[in-house]
$ cat work17.txt   # compact mmCIF, C-alpha atoms
# COMPACT_ATOMS: atom_id res chain seq x y z
CA LYS Y 1147 -84.14 -85.26 -69.37
CA ALA Y 1148 -83.38 -88.71 -70.67
CA GLY Y 1149 -80.08 -90.13 -69.57
CA VAL Y 1150 -77.20 -91.43 -71.64
CA THR Y 1151 -78.25 -94.37 -73.76
CA GLN Y 1152 -76.03 -97.03 -75.27
CA THR Y 1153 -76.82 -99.64 -77.87
CA PRO Y 1154 -76.61 -102.54 -78.01
CA ARG Y 1155 -76.53 -103.53 -74.36
CA TYR Y 1156 -74.99 -106.92 -75.01
CA LEU Y 1157 -72.91 -108.20 -77.88
CA ILE Y 1158 -71.16 -111.46 -78.65
CA LYS Y 1159 -68.54 -111.53 -81.38
CA THR Y 1160 -65.75 -113.84 -82.48
CA ARG Y 1161 -62.08 -113.05 -82.82
CA GLY Y 1162 -61.20 -111.12 -85.94
CA GLN Y 1163 -64.60 -109.53 -86.36
CA GLN Y 1164 -65.29 -105.86 -85.94
CA VAL Y 1165 -67.92 -104.15 -83.82
CA THR Y 1166 -69.59 -100.74 -83.61
CA LEU Y 1167 -71.07 -99.42 -80.40
CA SER Y 1168 -73.37 -96.42 -80.19
CA CYS Y 1169 -73.92 -93.75 -77.56
CA SER Y 1170 -76.54 -91.02 -77.37
CA PRO Y 1171 -75.64 -88.32 -74.83
CA ILE Y 1172 -77.96 -86.36 -72.59
CA SER Y 1173 -79.73 -83.69 -74.59
CA GLY Y 1174 -77.59 -80.56 -74.75
CA HIS Y 1175 -74.37 -82.33 -73.86
CA ARG Y 1176 -71.66 -81.88 -76.45
CA SER Y 1177 -68.88 -83.95 -74.96
CA VAL Y 1178 -68.85 -87.73 -75.13
CA SER Y 1179 -66.17 -89.94 -73.58
CA TRP Y 1180 -65.65 -93.67 -73.82
CA TYR Y 1181 -64.18 -95.97 -71.18
CA GLN Y 1182 -63.33 -99.67 -71.07
CA GLN Y 1183 -64.02 -101.51 -67.82
CA THR Y 1184 -62.46 -104.90 -67.09
CA PRO Y 1185 -61.93 -106.75 -63.78
CA GLY Y 1186 -58.18 -106.73 -64.26
CA GLN Y 1187 -57.50 -103.23 -65.58
CA GLY Y 1188 -60.41 -101.36 -64.05
CA LEU Y 1189 -61.73 -98.30 -65.84
CA GLN Y 1190 -59.55 -97.04 -68.64
CA PHE Y 1191 -60.12 -93.98 -70.80
CA LEU Y 1192 -60.45 -94.57 -74.53
CA PHE Y 1193 -61.23 -91.18 -76.07
CA GLU Y 1194 -63.25 -88.00 -75.76
CA TYR Y 1195 -65.13 -86.14 -78.46
CA PHE Y 1196 -66.41 -82.60 -78.37
CA SER Y 1197 -68.22 -80.92 -81.24
CA GLU Y 1198 -67.27 -83.74 -83.60
CA THR Y 1199 -63.55 -83.44 -82.80
CA GLN Y 1200 -61.45 -85.89 -80.85
CA ARG Y 1201 -60.11 -83.89 -77.92
CA ASN Y 1202 -58.33 -86.57 -75.99
CA LYS Y 1203 -57.17 -90.10 -76.57
CA GLY Y 1204 -56.16 -92.89 -74.20
CA ASN Y 1205 -53.46 -95.47 -74.59
CA PHE Y 1206 -55.23 -97.99 -76.78
CA PRO Y 1207 -54.15 -99.50 -80.12
CA GLY Y 1208 -55.35 -98.08 -83.40
CA ARG Y 1209 -57.96 -100.86 -83.67
CA PHE Y 1210 -60.05 -98.69 -81.37
CA SER Y 1211 -61.55 -95.69 -83.09
CA GLY Y 1212 -64.48 -93.40 -82.64
CA ARG Y 1213 -66.39 -90.53 -84.09
CA GLN Y 1214 -69.02 -88.03 -83.14
CA PHE Y 1215 -71.86 -86.73 -85.25
CA SER Y 1216 -73.32 -83.25 -85.48
CA ASN Y 1217 -76.14 -84.24 -83.09
CA SER Y 1218 -73.45 -85.23 -80.53
CA ARG Y 1219 -74.21 -88.94 -80.83
CA SER Y 1220 -71.05 -90.98 -80.85
CA GLU Y 1221 -69.90 -94.35 -82.08
CA MET Y 1222 -66.85 -96.38 -81.28
CA ASN Y 1223 -65.48 -99.10 -83.47
CA VAL Y 1224 -63.17 -101.96 -82.64
CA SER Y 1225 -61.67 -103.80 -85.57
CA THR Y 1226 -60.01 -107.22 -85.60
CA LEU Y 1227 -61.39 -108.17 -82.23
CA GLU Y 1228 -59.20 -110.00 -79.73
CA LEU Y 1229 -60.22 -112.05 -76.71
CA GLY Y 1230 -58.83 -109.32 -74.46
CA ASP Y 1231 -61.32 -106.82 -75.86
CA SER Y 1232 -64.07 -108.50 -73.85
CA ALA Y 1233 -65.21 -105.79 -71.48
CA LEU Y 1234 -67.94 -103.39 -70.45
CA TYR Y 1235 -67.71 -100.29 -72.63
CA LEU Y 1236 -69.06 -97.21 -70.95
CA CYS Y 1237 -70.03 -93.96 -72.56
CA ALA Y 1238 -70.26 -90.73 -70.57
CA SER Y 1239 -71.52 -87.32 -71.57
CA SER Y 1240 -71.03 -83.82 -70.18
CA PRO Y 1241 -72.09 -80.35 -71.29
CA ARG Y 1242 -68.55 -79.31 -72.17
CA THR Y 1243 -65.15 -80.79 -71.49
CA SER Y 1244 -62.87 -79.73 -68.67
CA GLY Y 1245 -64.35 -79.79 -65.21
CA ASP Y 1246 -67.88 -80.79 -66.05
CA THR Y 1247 -69.35 -83.84 -64.37
CA GLN Y 1248 -69.59 -86.82 -66.66
CA TYR Y 1249 -72.82 -88.83 -66.63
CA PHE Y 1250 -72.59 -92.46 -67.59
CA GLY Y 1251 -74.71 -94.73 -69.70
CA PRO Y 1252 -75.54 -98.34 -68.78
CA GLY Y 1253 -72.72 -99.70 -70.92
CA THR Y 1254 -72.36 -102.29 -73.66
CA ARG Y 1255 -71.16 -105.69 -72.54
CA LEU Y 1256 -68.94 -107.08 -75.30
CA THR Y 1257 -67.91 -110.72 -75.23
CA VAL Y 1258 -65.33 -111.93 -77.74
CA LEU Y 1259 -65.20 -115.69 -78.30
CA ALA B 606 -49.78 -88.01 -65.37
CA GLN B 607 -52.46 -88.19 -62.75
CA THR B 608 -52.89 -91.22 -60.54
CA VAL B 609 -55.71 -92.17 -58.19
CA THR B 610 -55.20 -94.75 -55.46
CA GLN B 611 -57.85 -96.61 -53.55
CA SER B 612 -55.93 -98.94 -51.29
CA GLN B 613 -58.86 -100.78 -49.67
CA PRO B 614 -60.33 -103.35 -52.12
CA GLU B 615 -63.28 -104.25 -49.89
CA MET B 616 -65.14 -102.95 -46.88
CA SER B 617 -68.16 -104.05 -44.93
CA VAL B 618 -70.44 -102.03 -42.67
CA GLN B 619 -73.51 -102.68 -40.58
CA GLU B 620 -76.72 -101.02 -41.69
CA ALA B 621 -77.22 -97.58 -40.06
CA GLU B 622 -73.54 -97.22 -39.23
CA THR B 623 -71.00 -94.83 -40.73
CA VAL B 624 -68.21 -95.85 -43.08
CA THR B 625 -65.33 -93.93 -44.65
CA LEU B 626 -63.80 -94.85 -47.99
CA SER B 627 -60.27 -93.62 -48.65
CA CYS B 628 -58.75 -92.15 -51.79
CA THR B 629 -55.48 -90.43 -52.55
CA TYR B 630 -54.36 -88.86 -55.78
CA ASP B 631 -51.31 -87.36 -57.32
CA THR B 632 -51.22 -84.39 -59.67
CA SER B 633 -49.17 -81.32 -60.43
CA GLU B 634 -52.23 -79.32 -61.45
CA SER B 635 -53.76 -76.66 -59.27
CA ASN B 636 -57.17 -76.63 -60.96
CA TYR B 637 -58.96 -79.98 -60.93
CA TYR B 638 -62.10 -81.81 -59.90
CA LEU B 639 -62.66 -84.90 -57.81
CA PHE B 640 -65.59 -87.28 -57.90
CA TRP B 641 -66.99 -90.33 -56.20
CA TYR B 642 -69.05 -92.61 -58.41
CA LYS B 643 -71.13 -95.58 -57.32
CA GLN B 644 -71.68 -98.69 -59.44
CA PRO B 645 -74.25 -101.09 -57.95
CA PRO B 646 -74.01 -104.75 -59.02
CA SER B 647 -74.90 -105.03 -62.71
CA ARG B 648 -76.22 -101.52 -62.71
CA GLN B 649 -75.30 -98.12 -64.04
CA MET B 650 -72.47 -95.92 -62.73
CA ILE B 651 -73.93 -92.90 -60.97
CA LEU B 652 -72.39 -89.78 -59.48
CA VAL B 653 -72.32 -89.64 -55.70
CA ILE B 654 -70.52 -86.39 -55.05
CA ARG B 655 -68.24 -83.83 -56.69
CA GLN B 656 -65.57 -81.51 -55.28
CA GLU B 657 -63.84 -78.61 -56.98
CA ALA B 658 -60.22 -78.27 -55.87
CA TYR B 659 -60.46 -74.49 -55.53
CA LYS B 660 -63.25 -74.79 -52.97
CA GLN B 661 -62.10 -75.20 -49.38
CA GLN B 662 -65.51 -76.30 -48.15
CA ASN B 663 -66.10 -80.04 -48.22
CA ALA B 664 -68.95 -81.14 -50.48
CA THR B 665 -72.03 -82.76 -48.95
CA GLU B 666 -74.97 -84.59 -50.53
CA ASN B 667 -77.47 -85.85 -47.99
CA ARG B 668 -75.84 -88.83 -46.22
CA PHE B 669 -72.66 -88.51 -48.27
CA SER B 670 -69.84 -86.12 -47.45
CA VAL B 671 -66.19 -85.81 -48.32
CA ASN B 672 -63.07 -84.91 -46.42
CA PHE B 673 -60.93 -83.07 -48.97
CA GLN B 674 -57.37 -82.46 -47.84
CA LYS B 675 -55.72 -80.67 -50.76
CA ALA B 676 -52.22 -80.49 -49.32
CA ALA B 677 -52.26 -84.18 -48.48
CA LYS B 678 -53.97 -85.00 -51.82
CA SER B 679 -56.59 -86.99 -50.00
CA PHE B 680 -60.29 -87.26 -50.83
CA SER B 681 -62.26 -89.63 -48.61
CA LEU B 682 -65.98 -90.34 -48.75
CA LYS B 683 -68.06 -90.69 -45.60
CA ILE B 684 -71.38 -92.48 -45.79
CA SER B 685 -73.59 -91.88 -42.77
CA ASP B 686 -76.55 -94.04 -41.75
CA SER B 687 -75.56 -96.75 -44.25
CA GLN B 688 -78.43 -98.38 -46.12
CA LEU B 689 -78.66 -101.74 -47.91
CA GLY B 690 -78.94 -99.84 -51.19
CA ASP B 691 -75.47 -98.41 -50.62
CA THR B 692 -74.01 -101.83 -51.43
CA ALA B 693 -71.96 -101.17 -54.56
CA MET B 694 -68.53 -100.59 -55.97
CA TYR B 695 -67.31 -97.05 -55.31
CA PHE B 696 -64.82 -95.32 -57.57
CA CYS B 697 -62.81 -92.24 -56.79
CA ALA B 698 -62.02 -90.20 -59.90
CA PHE B 699 -59.93 -87.19 -60.88
CA ARG B 700 -60.55 -84.82 -63.75
CA GLY B 701 -58.00 -82.19 -64.69
CA GLY B 702 -58.79 -78.64 -65.58
CA SER B 703 -57.94 -78.64 -69.23
CA GLY B 704 -56.58 -80.27 -72.33
CA ALA B 705 -55.14 -83.73 -72.12
CA ASN B 706 -55.86 -83.89 -68.41
CA SER B 707 -59.57 -83.37 -68.84
CA LYS B 708 -60.24 -87.11 -68.96
CA LEU B 709 -61.47 -88.94 -65.90
CA THR B 710 -58.81 -91.01 -64.18
CA PHE B 711 -60.29 -93.65 -61.88
CA GLY B 712 -59.02 -95.55 -58.90
CA LYS B 713 -59.36 -99.34 -58.84
CA GLY B 714 -62.55 -99.06 -56.81
CA ILE B 715 -63.70 -100.43 -53.48
CA THR B 716 -66.47 -102.96 -52.99
CA LEU B 717 -68.72 -101.87 -50.13
CA SER B 718 -71.12 -104.35 -48.57
CA VAL B 719 -73.81 -103.15 -46.18
CA ARG B 720 -74.93 -105.89 -43.80
CA PRO B 721 -78.53 -106.01 -42.51
$ encode --input "work17.txt" --output "structure tokens"
Amino acid sequence: KAGVTQTPRYLIKTRGQQVTLSCSPISGHRSVSWYQQTPGQGLQFLFEYFSETQRNKGNFPGRFSGRQFSNSRSEMNVSTLELGDSALYLCASSPRTSGDTQYFGPGTRLTVL
Amino acid sequence: AQTVTQSQPEMSVQEAETVTLSCTYDTSESNYYLFWYKQPPSRQMILVIRQEAYKQQNATENRFSVNFQKAAKSFSLKISDSQLGDTAMYFCAFRGGSGANSKLTFGKGITLSVRP
């Protein structure tokens, strides 16, 4: 099976812009989670989607949003970008939710100038 | 809320030797799952090993094994016969059994360097 894929791999934006990141889970996986990784804060949970419904949400401002489509592909959107949003955004998929191992994609490296 | 603590920021080991990475966690749940993930430099995060809290037997995957002490809330990773390819950042992670606790909570990670 193909692994989790994320597009784009690298992105450069300026403050105030918005960005959309995409994640395609492993075939058959219905749960997709998003994480932000920074040197200072480490890995922080953004949100989890299962069967097109947000099941869980981390402690991030409303500028961060996401959605999941019927084919389980997911997108996350960040509006009004700030310098502090520069990070590696990781997507992970699992067959279901609780307990299942999450498998990670390569990430999208977002740089905000 | 769950917390995961990895107190050692960096470790170094000679090739072919054994190294143990420490992790402690805090939770009030009885049903949960613990993981070690590896993130090589500029490369993808991959699963090293998984442990279900209800299983008393420690998980093993080839050269990787864990010492799971449920009462002490400790979950250490032992890497035997260390190889240069083991050089990476290692994250300990906790995943609850249900609902709002089903997200992965990560420790800060430990940078492991394997010396030739």
$ interface_residues --input "work17.txt" --of "chain B" --to "chain Y" --cutoff "10 Å" --atoms "all atoms listed in the file" --output "MDAnalysis selection string"
chainID B and resid 636:640 642 647:652 654:655 657 696 699:714
$ atom_distance --input "work17.txt" --atom1 "atom CA of Pro614 of chain B" --atom2 "atom CA of Asp686 of chain B"
21.4 Å
$ closest_residue --input "work17.txt" --among "Y:Ser1225, Y:Ser1240, Y:Leu1259, Y:Phe1196" --to "Ile1172 of chain Y" --atoms "only C-alpha atoms"
Y:Ser1240
$ atom_distance --input "work17.txt" --atom1 "atom CA of Gly1162 of chain Y" --atom2 "atom CA of Glu1228 of chain Y"
6.6 Å
$ axis_aligned_box --input "work17.txt" --around "segment 1176-1193 of chain Y" --padding-each-side "5 Å" --output "AutoDock Vina command-line options"
--center_x -64.6 --center_y -94.3 --center_z -70.1 --size_x 24.2 --size_y 34.9 --size_z 22.7
$ closest_residue --input "work17.txt" --among "B:Ser679, B:Thr716, B:Ser687, B:Gln674" --to "Ser627 of chain B" --atoms "all atoms listed in the file"
B:Ser679
$ residues_around --input "work17.txt" --residues "Leu1234 of chain Y" --least-positions-apart "3" --cutoff "8 Å" --atoms "all atoms listed in the file" --output "VMD selection string"
chain Y and resid 1182 to 1184 1253 to 1256
$ residues_near_point --input "work17.txt" --point "(-60.4, -87.9, -48.5)" --cutoff "8 Å" --atoms "all atoms listed in the file" --output "list in words"
Leu626, Ser627, Cys628, Thr629, Val671, Asn672, Phe673, Gln674, Lys678, Ser679, Phe680, Ser681 and Leu682 of chain B
$ closest_residue --input "work17.txt" --among "Y:Ser1232, Y:Ser1239, Y:Asn1205, Y:Thr1257" --to "Gly1149 of chain Y" --atoms "only C-alpha atoms"
Y:Ser1239
$ atom_distance --input "work17.txt" --atom1 "atom CA of Thr1166 of chain Y" --atom2 "atom CA of Ser1197 of chain Y"
20.0 Å
$ residues_near_point --input "work17.txt" --point "(-47.6, -86.2, -57.0)" --cutoff "8 Å" --atoms "only C-alpha atoms" --output "ChimeraX atom specification"
/B:607,630-633
$ decode --input "work17.txt" --residues "chain Y" --atoms "C-alpha atoms" --output "JSON list (two decimals), in the first residue's frame"
[["chain", "number", "residue", "atom", "x", "y", "z"],
["Y", 1147, "LYS", "CA", 0.00, 0.00, 0.00],
["Y", 1148, "ALA", "CA", 1.09, 3.54, -0.66],
["Y", 1149, "GLY", "CA", 1.88, 5.56, 2.42],
["Y", 1150, "VAL", "CA", 0.43, 8.85, 3.57],
["Y", 1151, "THR", "CA", 1.10, 11.59, 1.08],
["Y", 1152, "GLN", "CA", 1.12, 15.33, 1.71],
["Y", 1153, "THR", "CA", 1.18, 18.18, -0.75],
["Y", 1154, "PRO", "CA", 2.88, 20.50, -1.19],
["Y", 1155, "ARG", "CA", 6.10, 19.47, 0.52],
["Y", 1156, "TYR", "CA", 7.40, 23.01, 0.86],
["Y", 1157, "LEU", "CA", 5.59, 26.31, 0.94],
["Y", 1158, "ILE", "CA", 6.66, 29.91, 1.42],
["Y", 1159, "LYS", "CA", 4.03, 32.50, 2.27],
["Y", 1160, "THR", "CA", 3.95, 36.03, 3.65],
["Y", 1161, "ARG", "CA", 2.19, 37.28, 6.73],
["Y", 1162, "GLY", "CA", -1.52, 37.79, 6.28],
["Y", 1163, "GLN", "CA", -1.91, 35.26, 3.50],
["Y", 1164, "GLN", "CA", -3.78, 32.02, 3.81],
["Y", 1165, "VAL", "CA", -2.63, 28.51, 2.96],
["Y", 1166, "THR", "CA", -4.22, 25.12, 2.30],
["Y", 1167, "LEU", "CA", -2.37, 21.88, 2.90],
["Y", 1168, "SER", "CA", -3.51, 18.51, 1.61],
["Y", 1169, "CYS", "CA", -3.21, 14.98, 2.96],
["Y", 1170, "SER", "CA", -4.10, 11.67, 1.36],
["Y", 1171, "PRO", "CA", -4.28, 8.82, 3.89],
["Y", 1172, "ILE", "CA", -3.30, 5.21, 3.41],
["Y", 1173, "SER", "CA", -5.95, 3.41, 1.42],
["Y", 1174, "GLY", "CA", -8.68, 2.14, 3.73],
["Y", 1175, "HIS", "CA", -7.79, 4.48, 6.57],
["Y", 1176, "ARG", "CA", -10.69, 6.66, 7.66],
["Y", 1177, "SER", "CA", -9.06, 8.73, 10.37],
["Y", 1178, "VAL", "CA", -6.75, 11.63, 9.60],
["Y", 1179, "SER", "CA", -4.97, 13.72, 12.22],
["Y", 1180, "TRP", "CA", -2.88, 16.84, 11.84],
["Y", 1181, "TYR", "CA", 0.07, 17.92, 13.97],
["Y", 1182, "GLN", "CA", 2.29, 20.99, 14.05],
["Y", 1183, "GLN", "CA", 5.99, 20.44, 14.74],
["Y", 1184, "THR", "CA", 8.27, 23.31, 15.79],
["Y", 1185, "PRO", "CA", 11.66, 23.29, 17.54],
["Y", 1186, "GLY", "CA", 10.26, 25.22, 20.48],
["Y", 1187, "GLN", "CA", 6.89, 23.58, 21.06],
["Y", 1188, "GLY", "CA", 7.58, 20.12, 19.70],
["Y", 1189, "LEU", "CA", 4.70, 18.13, 18.27],
["Y", 1190, "GLN", "CA", 1.28, 19.57, 18.95],
["Y", 1191, "PHE", "CA", -2.07, 18.10, 17.97],
["Y", 1192, "LEU", "CA", -4.26, 20.23, 15.71],
["Y", 1193, "PHE", "CA", -7.32, 18.12, 14.93],
["Y", 1194, "GLU", "CA", -8.59, 14.69, 13.97],
["Y", 1195, "TYR", "CA", -11.19, 13.78, 11.38],
["Y", 1196, "PHE", "CA", -13.05, 10.53, 11.01],
["Y", 1197, "SER", "CA", -15.67, 9.87, 8.35],
["Y", 1198, "GLU", "CA", -15.80, 13.56, 7.45],
["Y", 1199, "THR", "CA", -16.46, 14.64, 11.06],
["Y", 1200, "GLN", "CA", -14.07, 16.45, 13.35],
["Y", 1201, "ARG", "CA", -13.64, 14.14, 16.32],
["Y", 1202, "ASN", "CA", -11.03, 15.98, 18.29],
["Y", 1203, "LYS", "CA", -9.49, 19.41, 18.31],
["Y", 1204, "GLY", "CA", -6.30, 20.77, 19.83],
["Y", 1205, "ASN", "CA", -5.66, 24.11, 21.43],
["Y", 1206, "PHE", "CA", -5.10, 26.25, 18.37],
["Y", 1207, "PRO", "CA", -6.81, 29.50, 17.33],
["Y", 1208, "GLY", "CA", -9.73, 29.52, 14.94],
["Y", 1209, "ARG", "CA", -7.41, 30.53, 12.08],
["Y", 1210, "PHE", "CA", -6.59, 26.84, 11.87],
["Y", 1211, "SER", "CA", -9.33, 24.78, 10.30],
["Y", 1212, "GLY", "CA", -9.67, 21.52, 8.48],
["Y", 1213, "ARG", "CA", -12.02, 19.24, 6.68],
["Y", 1214, "GLN", "CA", -12.23, 15.72, 5.40],
["Y", 1215, "PHE", "CA", -13.78, 14.51, 2.19],
["Y", 1216, "SER", "CA", -15.78, 11.37, 1.49],
["Y", 1217, "ASN", "CA", -12.66, 9.64, 0.11],
["Y", 1218, "SER", "CA", -10.94, 10.34, 3.48],
["Y", 1219, "ARG", "CA", -8.55, 12.89, 1.99],
["Y", 1220, "SER", "CA", -8.13, 15.86, 4.27],
["Y", 1221, "GLU", "CA", -7.15, 19.48, 4.00],
["Y", 1222, "MET", "CA", -6.12, 21.98, 6.59],
["Y", 1223, "ASN", "CA", -6.32, 25.70, 6.15],
["Y", 1224, "VAL", "CA", -4.53, 28.46, 7.98],
["Y", 1225, "SER", "CA", -5.84, 31.96, 7.44],
["Y", 1226, "THR", "CA", -4.12, 35.27, 8.19],
["Y", 1227, "LEU", "CA", -0.72, 33.68, 8.53],
["Y", 1228, "GLU", "CA", 1.63, 34.80, 11.28],
["Y", 1229, "LEU", "CA", 5.39, 34.38, 11.54],
["Y", 1230, "GLY", "CA", 4.85, 31.87, 14.35],
["Y", 1231, "ASP", "CA", 2.93, 29.57, 12.02],
["Y", 1232, "SER", "CA", 6.21, 28.58, 10.38],
["Y", 1233, "ALA", "CA", 6.47, 24.88, 11.11],
["Y", 1234, "LEU", "CA", 6.42, 21.35, 9.76],
["Y", 1235, "TYR", "CA", 2.81, 20.23, 9.45],
["Y", 1236, "LEU", "CA", 2.39, 16.50, 9.73],
["Y", 1237, "CYS", "CA", -0.58, 14.44, 8.71],
["Y", 1238, "ALA", "CA", -1.18, 10.97, 10.12],
["Y", 1239, "SER", "CA", -3.74, 8.35, 9.20],
["Y", 1240, "SER", "CA", -5.14, 5.30, 10.96],
["Y", 1241, "PRO", "CA", -7.87, 2.79, 10.16],
["Y", 1242, "ARG", "CA", -10.15, 4.06, 12.91],
["Y", 1243, "THR", "CA", -9.65, 6.37, 15.84],
["Y", 1244, "SER", "CA", -8.96, 5.23, 19.38],
["Y", 1245, "GLY", "CA", -6.04, 2.91, 19.85],
["Y", 1246, "ASP", "CA", -5.02, 2.45, 16.25],
["Y", 1247, "THR", "CA", -1.45, 3.21, 15.27],
["Y", 1248, "GLN", "CA", -1.10, 6.44, 13.36],
["Y", 1249, "TYR", "CA", 1.12, 6.44, 10.27],
["Y", 1250, "PHE", "CA", 2.71, 9.72, 9.31],
["Y", 1251, "GLY", "CA", 3.25, 11.48, 6.03],
["Y", 1252, "PRO", "CA", 6.46, 13.32, 5.12],
["Y", 1253, "GLY", "CA", 5.03, 16.67, 6.18],
["Y", 1254, "THR", "CA", 4.65, 20.10, 4.62],
["Y", 1255, "ARG", "CA", 7.30, 22.62, 5.56],
["Y", 1256, "LEU", "CA", 5.61, 26.03, 5.80],
["Y", 1257, "THR", "CA", 7.72, 29.15, 6.02],
["Y", 1258, "VAL", "CA", 5.99, 32.46, 6.73],
["Y", 1259, "LEU", "CA", 7.98, 35.59, 5.85]]
